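Q: This is the structure I want to talk about, given as structure tokens.
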2 protein chains.
Amino acid sequence: MRIILIGYGVVGQNLTRIFINRRAELFNNYGFRPRVIAVVDRGGAAVNPKGLDLERLLLSKREKGTVAADSKFGKPGASAIEMIESLEAEAVVEASPTNIKDGEPALSYIKAAFRTGKHVVTSNKGPLALAMPVLTELAEHNRVYFRFSGSVGAGTPFLEFAKRCLFGDRIIFIRGILNGTTNFILTEMVERGVSFEQALKKAQDLGYAEADPSMDIDGFDAACKLVILANWVMGKKVTLKDVSIQGIRNITRNDIESAEKEGFTVKLIGSIGDKLEVKPTKISKEEPLAVGGTFNAVTFVSEFAGEQTLIGRGAGGVETASAILRDLLDIKQKLAARVWPE
Amino acid sequence: MRIILIGYGVVGQNLTRIFINRRAELFNNYGFRPRVIAVVDRGGAAVNPKGLDLERLLLSKREKGTVAADSKFGKPGASAIEMIESLEAEAVVEASPTNIKDGEPALSYIKAAFRTGKHVVTSNKGPLALAMPVLTELAEHNRVYFRFSGSVGAGTPFLEFAKRCLFGDRIIFIRGILNGTTNFILTEMVERGVSFEQALKKAQDLGYAEADPSMDIDGFDAACKLVILANWVMGKKVTLKDVSIQGIRNITRNDIESAEKEGFTVKLIGSIGDKLEVKPTKISKEEPLAVGGTFNAVTFVSEFAGEQTLIGRGAGGVETASAILRDLLDIKQKLAARVWPE
């Protein structure tokens with residue numbers, strides 16, 4: 001499978017490392033032979049239609065800051081769109097940074113890939129949160145696969161779980177902790193008796209929260225994931241503007257303590273039922289959802305199989321790269337079996 | 001799909017109810033049209049190669065205690081083996097009672113189905129725990145599908161989760177609470193401060209534990225499920241005799257209290273690593289696995305995707321029937337796509 005990789009940060013680099021380390025196994029067990037023919041980062045691109053040397057890519061990125069510095073295959077200043085449109089490839093892996101204002105430039109990359117008949121795997125929440133109904137329709141129209149396991153829960157397969165493991169059942173309600181940073185902050189407030197500001201500071205010191213923490217603490221990250229779940233798992237045609245969002249910025253020690261006294265704990269909960277909501281919620285400590293630290297957790301309520309909760313850590317470059325690999329293998333398998341769609 | 005249903009207890013009856021209630025949806029969404037051509041219970045069988053009237057079956061079971069009492073299609077005294085061998089059908093659903101001594105009569109039913117080229121779906125742990133390596137090989141030899149989702153976790157898809165959602169990864173360790181009854185007993189001991197005997201009595205009063213509770217409290221039920229996980233998920237060729245088993249019969253209030261003091265809680269944990277073990281184990285209350293009540297919970301540790309925990313209730317006739325339906329739909333889909341194997 002010929003792959004164009006857009007974005008060569010932690011996730012992209014880890015993906016190429018997995019390709020290197022598991023080359024033999026991926027071929028022997030799954031008949032999967034990934035051939036990365038182009039990689040694009042901020043400095044430009046590296047291109048070789050016969051397949052790039054991945055070790056050399058990693059080296060050039062580490063030593064010179066961009067894959068475009070490669071003396072033989074580098075193309076300084078080359079753009080992602082140009083690569084997607086001009087190269088022949090089966091799949092585009094889109095791993096550029098998330099932007100929830102207008103989803104760009106990832107949104108344009110994905111559309112260009114669809115237009116030129118390429119399957120797309122992304123871990124980028126921005127385009128999905130803003131335009132998922134349109135994107136899934138475009139993919140179908142162009143008869144290409146569109147996968148995004150890494151966008152919700154990194155290595156924890158929330159999306160596949162709902163779609164594949166509860167196959168044949170009807171999911172009627174979803175609720176969960178969809179952001180590890182806010183879960184960490186709330187857990188610190190409970191366990192160490194600190195204020196919101198102190199807990200946030202610690203999350204920033206530990207690298208869990210960004211310098212501008214708004215995406216996490218104001219609930220936008222959780223809301224993006226909720227939109228993806230609602231579209232993919234429950235077939236709702238919704239975008240970010242359909243979610244009622246309230247973050248944890250105003251949670252006080254008093255809120256935490258009064259909940260604790262009643263045997264409850266406060267979590268930033270996203271829920272999908274009649275409406276889509278993200279807001280701080282008191283939940284019973286007996287619920288499987290009541291996990292602390294940086295865990296993500298989602299409870300799926302289905303008509304016949306009952307209630308299931310899946311818990312895992314929702315972050316990490318290796319984990320997200322492993323989700324992208326799962327998506328690529330899924331596409332490979334679907335193509336081999338000629339199953340369309342899904 | 002023509003189906004022979006062996007065993008018409010709670011699970012079998014619920015399966016036919018699901019077929020009745022979801023007839024239109026199963027056909028429209030999955031192209032699945034189940035045709036139950038024979039049902040066997042202790043009284044004999046009801047047979048109609050054109051497909052039995054399921055409402056009539058339920059009525060005859062309820063009013064006369066056996067499907068064989070049906071005036072038109074009943075065959076009092078007919079045996080399951082006879083039905084499996086003489087009738088043309090695509091699948092056998094085996095839902096007879098569990099026997100972990102020799103796996104019979106289910107073991108013979110399953111083999112007869114394989115021999116005559118029929119796919120098998122079962123929720124019966126007995127034959128799996130005792131002979132899973134042989135059974136999976138026999139199924140493959142006869143080129144039929146063998147599915148048993150309902151045997152571990154009832155409606156909670158532990159098996160599918162590991163196999164399908166962590167596809168492409170390598171599961172290196174599994175540990176979990178695989179029996180809801182013992183989890184209930186241990187939770188009662190912690191929360192109400194009662195003795196093992198008192199907690200067991202309550203579990204029996206509530207119908208969670210049998211009059212002879214050995215299967216649960218001595219760890220055999222958990223060990224059976226461990227064997228199934230080890231074979232199906234990790235490719236180990238093991239049976240019940242390979243599991244080191246210790247139950248919770250000798251757990252005292254003292255054990256519980258001393259664990260609690262250190263921030264731990266005692267659970268009956270099954271684990272698969274270098275060896276297979278079921279034994280009472282102290283685990284941290286912070287672990288996602290530390291769920292109380294009748295919950296089952298399994299943590300899968302995989303090489304790249306990290307640690308994931310799946311939690312759900314592990315019992316119930318409707319839930320187990322929903323797992324059997326998932327298996328039948330899976331087989332239907334595999335046959336349609338002509339994917340072999342898996």
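Scheme for the structure tokens: letters A, B, ... for chains in order shown; per-chain residue numbers from 1; ligand numbers from 1 in order shown.
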What residues in region 114-204 of chain B get the DSSP label strand (DSSP E)? Please answer as a list in words.

A: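 Going through region 114-204 of chain B, the strand (DSSP E) residues come out as His119, Val120, Val121, Thr122, Phe146, Arg147, Ile171, Ile172, Phe173, Ile174, Arg175, Gly176 and Ile177 of chain B.
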
Q: Residues of chain B within 7 Å of chain A, counting only C-alpha atoms - could you list those as a PyMOL selection string?

A: chain B and resi 155-157+160-161+165+167-168+288+291+304-312+318-319+322+326+337+339

Q: Can you list, as a PyMOL selection string, every protein, DNA or RNA residue that comes within 9 Å of Asp242 (chain B) when you count only C-alpha atoms, leaving out same-chain residues fewer than 4 positions away?

A: chain B and resi 227+238+275-277

Q: Selection from above, N, CA and C atoms, as an mmCIF file, in the first residue's frame, can you write it?

A:
```cif
data_model
loop_
_atom_site.group_PDB
_atom_site.id
_atom_site.type_symbol
_atom_site.label_atom_id
_atom_site.label_comp_id
_atom_site.auth_asym_id
_atom_site.auth_seq_id
_atom_site.Cartn_x
_atom_site.Cartn_y
_atom_site.Cartn_z
ATOM 1 N N VAL B 227 -9.669 -20.019 30.173
ATOM 2 C CA VAL B 227 -9.228 -20.949 29.131
ATOM 3 C C VAL B 227 -9.705 -20.477 27.754
ATOM 4 N N VAL B 238 -4.604 -24.404 25.429
ATOM 5 C CA VAL B 238 -4.711 -24.867 26.816
ATOM 6 C C VAL B 238 -6.118 -25.344 27.129
ATOM 7 N N LYS B 275 1.766 -18.113 32.843
ATOM 8 C CA LYS B 275 0.889 -19.218 33.235
ATOM 9 C C LYS B 275 -0.535 -18.736 33.425
ATOM 10 N N LEU B 276 -1.461 -19.667 33.599
ATOM 11 C CA LEU B 276 -2.871 -19.341 33.793
ATOM 12 C C LEU B 276 -3.239 -19.577 35.253
ATOM 13 N N GLU B 277 -3.806 -18.545 35.861
ATOM 14 C CA GLU B 277 -4.089 -18.622 37.287
ATOM 15 C C GLU B 277 -5.405 -17.958 37.642
#
```

Q: Tell me which protein, DNA and RNA residues are within 12 Å of Met83 (chain B), counting only C-alpha atoms, leaving out same-chain ones fewer than 3 positions away, and put them as a PyMOL selection string.

A: chain B and resi 3-6+37-41+44-49+75+77-80+86-89+92+109+112-113+116

Q: Extract, using only C-alpha atoms, all DNA, RNA and protein residues at most 8 Å from Ser271 (chain B), discarding same-chain residues fewer than 2 positions from it, and format them as an MDAnalysis selection string.

A: chainID B and resid 173:176 226 269 273 275:278

Q: Output N, CA and C atoms for every residue in that selection, as a compact mmCIF listing (two decimals), in the first residue's frame.

A:
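Generated output (result33.txt):
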```txt
# COMPACT_ATOMS: atom_id res chain seq x y z
N PHE B 173 -0.77 -9.57 27.99
CA PHE B 173 -1.19 -9.96 29.33
C PHE B 173 -2.68 -9.66 29.49
N ILE B 174 -3.37 -10.56 30.19
CA ILE B 174 -4.79 -10.36 30.46
C ILE B 174 -5.03 -10.62 31.94
N ARG B 175 -5.77 -9.73 32.60
CA ARG B 175 -6.23 -10.11 33.93
C ARG B 175 -7.61 -9.54 34.17
N GLY B 176 -8.41 -10.27 34.94
CA GLY B 176 -9.76 -9.77 35.10
C GLY B 176 -10.59 -10.50 36.13
N LEU B 226 -11.25 -18.17 31.52
CA LEU B 226 -9.84 -17.88 31.29
C LEU B 226 -9.28 -18.76 30.17
N ILE B 269 -9.20 -12.89 40.89
CA ILE B 269 -8.61 -12.46 39.62
C ILE B 269 -8.10 -13.65 38.81
N GLY B 273 -0.60 -14.95 31.63
CA GLY B 273 0.69 -14.42 31.24
C GLY B 273 1.52 -15.63 30.86
N LYS B 275 1.77 -18.11 32.84
CA LYS B 275 0.89 -19.22 33.23
C LYS B 275 -0.54 -18.74 33.42
N LEU B 276 -1.46 -19.67 33.60
CA LEU B 276 -2.87 -19.34 33.79
C LEU B 276 -3.24 -19.58 35.25
N GLU B 277 -3.81 -18.55 35.86
CA GLU B 277 -4.09 -18.62 37.29
C GLU B 277 -5.41 -17.96 37.64
N VAL B 278 -6.15 -18.58 38.55
CA VAL B 278 -7.31 -17.92 39.16
C VAL B 278 -7.08 -17.96 40.65
```
